[in-house]
file entry-v3.csv (CSV, N, CA and C atoms and all ligand atoms)
chain,number,residue,atom,x,y,z
K,1,MET,N,200.9,92.8,-70.9
K,1,MET,CA,201.6,94.1,-71.0
K,1,MET,C,200.7,95.2,-70.3
K,2,ASP,N,199.5,94.9,-69.9
K,2,ASP,CA,198.6,95.9,-69.3
K,2,ASP,C,199.0,96.3,-67.9
K,3,ASP,N,199.6,95.4,-67.2
K,3,ASP,CA,199.9,95.6,-65.8
K,3,ASP,C,201.4,96.0,-65.6
K,4,ILE,N,201.9,96.8,-66.4
K,4,ILE,CA,203.3,97.1,-66.5
K,4,ILE,C,203.8,97.6,-65.1
K,5,LYS,N,203.0,98.4,-64.4
K,5,LYS,CA,203.4,98.9,-63.1
K,5,LYS,C,203.5,97.8,-62.1
K,6,ASN,N,202.9,96.7,-62.3
K,6,ASN,CA,203.0,95.6,-61.3
K,6,ASN,C,204.2,94.7,-61.5
K,7,VAL,N,204.9,95.0,-62.6
K,7,VAL,CA,206.1,94.1,-62.8
K,7,VAL,C,207.2,94.6,-61.9
K,8,GLU,N,207.8,93.7,-61.2
K,8,GLU,CA,208.9,94.0,-60.3
K,8,GLU,C,210.2,93.4,-60.8
K,9,ALA,N,211.2,93.9,-60.3
K,9,ALA,CA,212.5,93.4,-60.7
K,9,ALA,C,212.6,91.9,-60.2
K,10,VAL,N,213.0,91.1,-61.1
K,10,VAL,CA,213.1,89.6,-60.8
K,10,VAL,C,214.5,89.1,-61.2
K,11,HIS,N,214.8,88.0,-60.7
K,11,HIS,CA,216.1,87.4,-60.9
K,11,HIS,C,216.1,86.0,-61.4
K,12,ASP,N,217.1,85.5,-62.0
K,12,ASP,CA,217.4,84.1,-62.2
K,12,ASP,C,216.2,83.4,-62.9
K,13,ASP,N,215.7,82.5,-62.1
K,13,ASP,CA,214.8,81.5,-62.7
K,13,ASP,C,213.5,82.1,-63.3
K,14,ASP,N,213.1,83.3,-62.8
K,14,ASP,CA,211.9,83.9,-63.3
K,14,ASP,C,212.1,84.7,-64.6
K,15,LEU,N,213.4,84.9,-64.9
K,15,LEU,CA,213.6,85.8,-66.1
K,15,LEU,C,213.1,85.2,-67.4
K,16,PRO,N,213.4,84.0,-67.7
K,16,PRO,CA,212.9,83.4,-69.0
K,16,PRO,C,211.4,83.5,-69.1
K,17,THR,N,210.7,83.2,-67.9
K,17,THR,CA,209.3,83.2,-67.9
K,17,THR,C,208.8,84.6,-68.2
K,18,LEU,N,209.4,85.5,-67.5
K,18,LEU,CA,209.0,86.9,-67.6
K,18,LEU,C,209.2,87.4,-69.0
K,19,LEU,N,210.4,87.1,-69.6
K,19,LEU,CA,210.7,87.5,-70.9
K,19,LEU,C,209.6,87.0,-71.9
K,20,LYS,N,209.2,85.8,-71.7
K,20,LYS,CA,208.2,85.2,-72.6
K,20,LYS,C,206.9,86.0,-72.4
K,21,SER,N,206.5,86.2,-71.2
K,21,SER,CA,205.2,86.9,-70.9
K,21,SER,C,205.2,88.3,-71.5
K,22,LEU,N,206.4,88.9,-71.5
K,22,LEU,CA,206.5,90.3,-72.0
K,22,LEU,C,206.8,90.3,-73.5
K,23,GLU,N,206.9,89.1,-74.1
K,23,GLU,CA,207.1,89.0,-75.5
K,23,GLU,C,208.5,89.6,-75.9
K,24,LEU,N,209.4,89.5,-75.0
K,24,LEU,CA,210.7,90.0,-75.3
K,24,LEU,C,211.7,88.9,-75.7
K,25,GLU,N,211.3,87.7,-75.6
K,25,GLU,CA,212.2,86.6,-75.8
K,25,GLU,C,212.9,86.6,-77.2
K,26,ASP,N,212.0,86.8,-78.2
K,26,ASP,CA,212.6,86.8,-79.5
K,26,ASP,C,213.6,87.9,-79.8
K,27,ASP,N,213.2,89.1,-79.2
K,27,ASP,CA,214.1,90.3,-79.4
K,27,ASP,C,215.5,90.0,-78.7
K,28,LEU,N,215.4,89.4,-77.5
K,28,LEU,CA,216.6,89.1,-76.8
K,28,LEU,C,217.5,88.1,-77.6
K,29,GLN,N,216.9,87.1,-78.1
K,29,GLN,CA,217.6,86.1,-78.9
K,29,GLN,C,218.2,86.7,-80.2
K,30,ALA,N,217.5,87.7,-80.7
K,30,ALA,CA,218.0,88.4,-81.9
K,30,ALA,C,219.0,89.4,-81.6
K,31,GLY,N,219.3,89.6,-80.3
K,31,GLY,CA,220.3,90.6,-79.9
K,31,GLY,C,219.8,92.0,-80.1
K,32,LYS,N,218.5,92.2,-80.0
K,32,LYS,CA,217.9,93.6,-80.2
K,32,LYS,C,217.7,94.4,-78.9
K,33,LEU,N,218.0,93.7,-77.8
K,33,LEU,CA,217.8,94.4,-76.5
K,33,LEU,C,219.1,94.8,-75.9
K,34,ASN,N,219.1,96.0,-75.3
K,34,ASN,CA,220.3,96.6,-74.7
K,34,ASN,C,220.1,96.9,-73.2
K,35,CYS,N,221.2,96.8,-72.5
K,35,CYS,CA,221.1,97.2,-71.1
K,35,CYS,C,220.7,98.7,-70.9
K,36,HIS,N,219.8,98.9,-70.0
K,36,HIS,CA,219.2,100.2,-69.8
K,36,HIS,C,220.3,101.2,-69.4
K,37,PHE,N,221.3,100.8,-68.7
K,37,PHE,CA,222.3,101.7,-68.2
K,37,PHE,C,223.6,101.8,-69.1
K,38,CYS,N,224.1,100.6,-69.5
K,38,CYS,CA,225.4,100.7,-70.2
K,38,CYS,C,225.3,100.4,-71.7
K,39,LYS,N,224.1,100.0,-72.1
K,39,LYS,CA,223.7,99.8,-73.5
K,39,LYS,C,224.4,98.6,-74.1
K,40,THR,N,225.0,97.7,-73.3
K,40,THR,CA,225.5,96.5,-73.7
K,40,THR,C,224.3,95.6,-74.3
K,41,THR,N,224.6,94.8,-75.3
K,41,THR,CA,223.6,93.9,-75.8
K,41,THR,C,223.3,92.9,-74.7
K,42,ILE,N,222.0,92.7,-74.5
K,42,ILE,CA,221.6,91.7,-73.4
K,42,ILE,C,221.4,90.4,-74.0
K,43,THR,N,222.0,89.4,-73.4
K,43,THR,CA,221.8,88.0,-73.7
K,43,THR,C,221.3,87.3,-72.5
K,44,MET,N,221.0,86.0,-72.6
K,44,MET,CA,220.6,85.2,-71.5
K,44,MET,C,221.7,85.1,-70.5
K,45,ASP,N,222.9,85.2,-71.0
K,45,ASP,CA,224.1,85.1,-70.1
K,45,ASP,C,224.3,86.3,-69.2
K,46,ASN,N,224.1,87.5,-69.8
K,46,ASN,CA,224.4,88.6,-68.9
K,46,ASN,C,223.1,89.4,-68.4
K,47,LEU,N,222.0,88.8,-68.7
K,47,LEU,CA,220.7,89.4,-68.2
K,47,LEU,C,220.7,89.3,-66.7
K,48,TYR,N,220.6,90.4,-66.0
K,48,TYR,CA,220.5,90.4,-64.6
K,48,TYR,C,219.1,90.7,-64.0
K,49,ALA,N,218.4,91.6,-64.6
K,49,ALA,CA,217.1,91.9,-64.1
K,49,ALA,C,216.3,92.6,-65.2
K,50,ILE,N,215.0,92.5,-64.9
K,50,ILE,CA,214.0,93.2,-65.8
K,50,ILE,C,213.2,94.0,-64.8
K,51,LEU,N,213.1,95.3,-65.1
K,51,LEU,CA,212.4,96.2,-64.2
K,51,LEU,C,211.7,97.3,-64.9
K,52,PRO,N,210.6,97.8,-64.3
K,52,PRO,CA,210.0,98.9,-65.0
K,52,PRO,C,210.6,100.3,-64.5
K,53,ILE,N,210.9,101.1,-65.5
K,53,ILE,CA,211.4,102.4,-65.2
K,53,ILE,C,210.6,103.4,-66.1
K,54,ASN,N,210.0,104.4,-65.4
K,54,ASN,CA,209.1,105.3,-66.1
K,54,ASN,C,208.1,104.6,-66.9
K,55,ASN,N,207.5,103.6,-66.3
K,55,ASN,CA,206.4,102.8,-67.0
K,55,ASN,C,206.9,102.1,-68.2
K,56,LYS,N,208.2,101.9,-68.3
K,56,LYS,CA,208.7,101.2,-69.5
K,56,LYS,C,209.5,100.0,-68.9
K,57,ILE,N,209.4,98.8,-69.6
K,57,ILE,CA,210.1,97.7,-69.1
K,57,ILE,C,211.5,97.8,-69.7
K,58,VAL,N,212.5,97.7,-68.8
K,58,VAL,CA,213.9,97.8,-69.3
K,58,VAL,C,214.6,96.5,-68.8
K,59,LEU,N,215.7,96.2,-69.5
K,59,LEU,CA,216.5,95.1,-69.1
K,59,LEU,C,217.9,95.6,-68.6
K,60,VAL,N,218.4,94.9,-67.7
K,60,VAL,CA,219.7,95.4,-67.1
K,60,VAL,C,220.7,94.2,-67.1
K,61,CYS,N,221.9,94.5,-67.5
K,61,CYS,CA,222.9,93.4,-67.6
K,61,CYS,C,223.5,93.2,-66.2
K,62,ASP,N,224.4,92.3,-66.1
K,62,ASP,CA,225.0,91.9,-64.8
K,62,ASP,C,226.3,92.7,-64.5
K,63,GLY,N,226.6,93.7,-65.3
K,63,GLY,CA,227.8,94.5,-65.0
K,63,GLY,C,227.7,95.2,-63.7
K,64,LYS,N,228.8,95.3,-63.0
K,64,LYS,CA,228.9,95.8,-61.7
K,64,LYS,C,228.2,97.1,-61.5
K,65,GLU,N,228.5,98.1,-62.4
K,65,GLU,CA,227.9,99.4,-62.3
K,65,GLU,C,226.4,99.4,-62.5
K,66,CYS,N,225.9,98.4,-63.4
K,66,CYS,CA,224.5,98.4,-63.7
K,66,CYS,C,223.8,97.8,-62.5
K,67,VAL,N,224.3,96.8,-61.9
K,67,VAL,CA,223.7,96.2,-60.7
K,67,VAL,C,223.6,97.2,-59.6
K,68,ASN,N,224.7,98.0,-59.4
K,68,ASN,CA,224.7,99.1,-58.5
K,68,ASN,C,223.6,100.1,-58.8
K,69,ALA,N,223.5,100.4,-60.1
K,69,ALA,CA,222.5,101.4,-60.5
K,69,ALA,C,221.1,100.9,-60.2
K,70,ILE,N,220.9,99.6,-60.3
K,70,ILE,CA,219.5,99.1,-59.9
K,70,ILE,C,219.3,99.3,-58.4
K,71,MET,N,220.3,99.0,-57.6
K,71,MET,CA,220.2,99.2,-56.1
K,71,MET,C,219.8,100.7,-55.8
K,72,GLU,N,220.5,101.5,-56.5
K,72,GLU,CA,220.3,103.0,-56.3
K,72,GLU,C,218.9,103.3,-56.7
K,73,TYR,N,218.5,102.8,-57.9
K,73,TYR,CA,217.2,103.1,-58.4
K,73,TYR,C,216.1,102.6,-57.4
K,74,GLY,N,216.4,101.4,-56.8
K,74,GLY,CA,215.5,100.8,-55.8
K,74,GLY,C,215.3,101.7,-54.6
K,75,THR,N,216.3,102.4,-54.2
K,75,THR,CA,216.2,103.2,-53.0
K,75,THR,C,215.9,104.6,-53.3
K,76,ASN,N,216.0,105.0,-54.5
K,76,ASN,CA,215.7,106.4,-54.9
K,76,ASN,C,214.8,106.4,-56.2
K,77,PRO,N,213.6,106.0,-56.0
K,77,PRO,CA,212.7,105.8,-57.2
K,77,PRO,C,212.5,107.0,-58.0
K,78,ASN,N,212.7,108.2,-57.4
K,78,ASN,CA,212.5,109.4,-58.2
K,78,ASN,C,213.8,110.0,-58.9
K,79,LYS,N,214.8,109.3,-58.6
K,79,LYS,CA,216.1,109.7,-59.2
K,79,LYS,C,216.1,109.6,-60.7
K,80,SER,N,216.7,110.5,-61.4
K,80,SER,CA,216.8,110.4,-62.8
K,80,SER,C,217.8,109.2,-63.1
K,81,THR,N,217.4,108.5,-64.1
K,81,THR,CA,218.3,107.3,-64.5
K,81,THR,C,219.1,107.6,-65.8
K,82,THR,N,219.0,108.7,-66.3
K,82,THR,CA,219.7,109.0,-67.5
K,82,THR,C,221.2,109.4,-67.3
E,101,ZN,ZN,224.7,97.2,-68.2
call {"tool": "encode", "arguments": {"input": "entry-v3.csv", "output": "C-alpha cells", "more": "lines below"}}
Ligand SMILES: [Zn+2]
result
Amino acid sequence: MDDIKNVEAVHDDDLPTLLKSLELEDDLQAGKLNCHFCKTTITMDNLYAILPINNKIVLVCDGKECVNAIMEYGTNPNKSTT
C-alpha cells in the first residue's frame, strides 16, 4: 500500500492479483466495496478496473457510464470525479 501512486488501472487477469495485494479481496467478497462512480456493489463479476483517484484506490464496475467515466478520467486527470 506504500506505492499507491504507482498503481495503474488494470483489467481482467490482473485484477484478482491486485485485489489480493491491496488486501481488498475479503472486502470484495463480503460485498463491502462499491463502484466509485455509480455506487453499485462490486463483485468479481462486475469489477472492471482498479485505479487510484486522489491517492485513493477505487474500484469501478463494468457499467457503461462508469467505463466511460474512466476514459474521461484518463484523459482529464484534473477533472473532478464527484
Ligand atoms: Zn459503476
call {"tool": "closest_residue", "arguments": {"input": "entry-v3.csv", "among": "K:Cys66, K:Leu22, K:Ala49, K:Leu28", "to": "ligand ZN 101 (chain E)", "atoms": "only N, CA and C atoms and all ligand atoms"}}
result
K:Cys66
call {"tool": "closest_residue", "arguments": {"input": "entry-v3.csv", "among": "K:Thr41, K:Pro16, K:Ser21, K:Leu51", "to": "K:Tyr73", "atoms": "only C-alpha atoms"}}
result
K:Leu51
call {"tool": "residues_near_ligand", "arguments": {"input": "entry-v3.csv", "ligand": "ligand ZN 101 (chain E)", "cutoff": "12 Å", "atoms": "only C-alpha atoms and all ligand atoms", "output": "PDB file with N, CA and C atoms, keeping the file's coordinate frame"}}
result
ATOM      1  N   LEU K  33     218.000  93.700 -77.800  1.00  0.00           N
ATOM      2  CA  LEU K  33     217.800  94.400 -76.500  1.00  0.00           C
ATOM      3  C   LEU K  33     219.100  94.800 -75.900  1.00  0.00           C
ATOM      4  N   ASN K  34     219.100  96.000 -75.300  1.00  0.00           N
ATOM      5  CA  ASN K  34     220.300  96.600 -74.700  1.00  0.00           C
ATOM      6  C   ASN K  34     220.100  96.900 -73.200  1.00  0.00           C
ATOM      7  N   CYS K  35     221.200  96.800 -72.500  1.00  0.00           N
ATOM      8  CA  CYS K  35     221.100  97.200 -71.100  1.00  0.00           C
ATOM      9  C   CYS K  35     220.700  98.700 -70.900  1.00  0.00           C
ATOM     10  N   HIS K  36     219.800  98.900 -70.000  1.00  0.00           N
ATOM     11  CA  HIS K  36     219.200 100.200 -69.800  1.00  0.00           C
ATOM     12  C   HIS K  36     220.300 101.200 -69.400  1.00  0.00           C
ATOM     13  N   PHE K  37     221.300 100.800 -68.700  1.00  0.00           N
ATOM     14  CA  PHE K  37     222.300 101.700 -68.200  1.00  0.00           C
ATOM     15  C   PHE K  37     223.600 101.800 -69.100  1.00  0.00           C
ATOM     16  N   CYS K  38     224.100 100.600 -69.500  1.00  0.00           N
ATOM     17  CA  CYS K  38     225.400 100.700 -70.200  1.00  0.00           C
ATOM     18  C   CYS K  38     225.300 100.400 -71.700  1.00  0.00           C
ATOM     19  N   LYS K  39     224.100 100.000 -72.100  1.00  0.00           N
ATOM     20  CA  LYS K  39     223.700  99.800 -73.500  1.00  0.00           C
ATOM     21  C   LYS K  39     224.400  98.600 -74.100  1.00  0.00           C
ATOM     22  N   THR K  40     225.000  97.700 -73.300  1.00  0.00           N
ATOM     23  CA  THR K  40     225.500  96.500 -73.700  1.00  0.00           C
ATOM     24  C   THR K  40     224.300  95.600 -74.300  1.00  0.00           C
ATOM     25  N   THR K  41     224.600  94.800 -75.300  1.00  0.00           N
ATOM     26  CA  THR K  41     223.600  93.900 -75.800  1.00  0.00           C
ATOM     27  C   THR K  41     223.300  92.900 -74.700  1.00  0.00           C
ATOM     28  N   ILE K  42     222.000  92.700 -74.500  1.00  0.00           N
ATOM     29  CA  ILE K  42     221.600  91.700 -73.400  1.00  0.00           C
ATOM     30  C   ILE K  42     221.400  90.400 -74.000  1.00  0.00           C
ATOM     31  N   THR K  43     222.000  89.400 -73.400  1.00  0.00           N
ATOM     32  CA  THR K  43     221.800  88.000 -73.700  1.00  0.00           C
ATOM     33  C   THR K  43     221.300  87.300 -72.500  1.00  0.00           C
ATOM     34  N   ASN K  46     224.100  87.500 -69.800  1.00  0.00           N
ATOM     35  CA  ASN K  46     224.400  88.600 -68.900  1.00  0.00           C
ATOM     36  C   ASN K  46     223.100  89.400 -68.400  1.00  0.00           C
ATOM     37  N   LEU K  47     222.000  88.800 -68.700  1.00  0.00           N
ATOM     38  CA  LEU K  47     220.700  89.400 -68.200  1.00  0.00           C
ATOM     39  C   LEU K  47     220.700  89.300 -66.700  1.00  0.00           C
ATOM     40  N   TYR K  48     220.600  90.400 -66.000  1.00  0.00           N
ATOM     41  CA  TYR K  48     220.500  90.400 -64.600  1.00  0.00           C
ATOM     42  C   TYR K  48     219.100  90.700 -64.000  1.00  0.00           C
ATOM     43  N   ALA K  49     218.400  91.600 -64.600  1.00  0.00           N
ATOM     44  CA  ALA K  49     217.100  91.900 -64.100  1.00  0.00           C
ATOM     45  C   ALA K  49     216.300  92.600 -65.200  1.00  0.00           C
ATOM     46  N   ILE K  50     215.000  92.500 -64.900  1.00  0.00           N
ATOM     47  CA  ILE K  50     214.000  93.200 -65.800  1.00  0.00           C
ATOM     48  C   ILE K  50     213.200  94.000 -64.800  1.00  0.00           C
ATOM     49  N   VAL K  58     212.500  97.700 -68.800  1.00  0.00           N
ATOM     50  CA  VAL K  58     213.900  97.800 -69.300  1.00  0.00           C
ATOM     51  C   VAL K  58     214.600  96.500 -68.800  1.00  0.00           C
ATOM     52  N   LEU K  59     215.700  96.200 -69.500  1.00  0.00           N
ATOM     53  CA  LEU K  59     216.500  95.100 -69.100  1.00  0.00           C
ATOM     54  C   LEU K  59     217.900  95.600 -68.600  1.00  0.00           C
ATOM     55  N   VAL K  60     218.400  94.900 -67.700  1.00  0.00           N
ATOM     56  CA  VAL K  60     219.700  95.400 -67.100  1.00  0.00           C
ATOM     57  C   VAL K  60     220.700  94.200 -67.100  1.00  0.00           C
ATOM     58  N   CYS K  61     221.900  94.500 -67.500  1.00  0.00           N
ATOM     59  CA  CYS K  61     222.900  93.400 -67.600  1.00  0.00           C
ATOM     60  C   CYS K  61     223.500  93.200 -66.200  1.00  0.00           C
ATOM     61  N   ASP K  62     224.400  92.300 -66.100  1.00  0.00           N
ATOM     62  CA  ASP K  62     225.000  91.900 -64.800  1.00  0.00           C
ATOM     63  C   ASP K  62     226.300  92.700 -64.500  1.00  0.00           C
ATOM     64  N   GLY K  63     226.600  93.700 -65.300  1.00  0.00           N
ATOM     65  CA  GLY K  63     227.800  94.500 -65.000  1.00  0.00           C
ATOM     66  C   GLY K  63     227.700  95.200 -63.700  1.00  0.00           C
ATOM     67  N   LYS K  64     228.800  95.300 -63.000  1.00  0.00           N
ATOM     68  CA  LYS K  64     228.900  95.800 -61.700  1.00  0.00           C
ATOM     69  C   LYS K  64     228.200  97.100 -61.500  1.00  0.00           C
ATOM     70  N   GLU K  65     228.500  98.100 -62.400  1.00  0.00           N
ATOM     71  CA  GLU K  65     227.900  99.400 -62.300  1.00  0.00           C
ATOM     72  C   GLU K  65     226.400  99.400 -62.500  1.00  0.00           C
ATOM     73  N   CYS K  66     225.900  98.400 -63.400  1.00  0.00           N
ATOM     74  CA  CYS K  66     224.500  98.400 -63.700  1.00  0.00           C
ATOM     75  C   CYS K  66     223.800  97.800 -62.500  1.00  0.00           C
ATOM     76  N   VAL K  67     224.300  96.800 -61.900  1.00  0.00           N
ATOM     77  CA  VAL K  67     223.700  96.200 -60.700  1.00  0.00           C
ATOM     78  C   VAL K  67     223.600  97.200 -59.600  1.00  0.00           C
ATOM     79  N   ASN K  68     224.700  98.000 -59.400  1.00  0.00           N
ATOM     80  CA  ASN K  68     224.700  99.100 -58.500  1.00  0.00           C
ATOM     81  C   ASN K  68     223.600 100.100 -58.800  1.00  0.00           C
ATOM     82  N   ALA K  69     223.500 100.400 -60.100  1.00  0.00           N
ATOM     83  CA  ALA K  69     222.500 101.400 -60.500  1.00  0.00           C
ATOM     84  C   ALA K  69     221.100 100.900 -60.200  1.00  0.00           C
ATOM     85  N   ILE K  70     220.900  99.600 -60.300  1.00  0.00           N
ATOM     86  CA  ILE K  70     219.500  99.100 -59.900  1.00  0.00           C
ATOM     87  C   ILE K  70     219.300  99.300 -58.400  1.00  0.00           C
TER      88      ILE K  70
END
call {"tool": "atom_distance", "arguments": {"input": "entry-v3.csv", "atom1": "atom C of K:Asp27", "atom2": "atom CA of K:Glu72"}}
result
26.3 Å
call {"tool": "atom_distance", "arguments": {"input": "entry-v3.csv", "atom1": "atom CA of K:Ala30", "atom2": "atom CA of K:Pro52"}}
result
21.4 Å
call {"tool": "atom_distance", "arguments": {"input": "entry-v3.csv", "atom1": "atom CA of K:Leu24", "atom2": "atom CA of K:Met44"}}
result
11.6 Å
call {"tool": "select_by_dssp", "arguments": {"input": "entry-v3.csv", "residues": "stretch 17-63 of chain K", "states": "helix (DSSP H, G or I)", "output": "list in words"}}
result
Thr17, Leu18, Leu19, Lys20, Ser21, Glu25, Asp26, Asp27, Leu28 and Gln29 of chain K
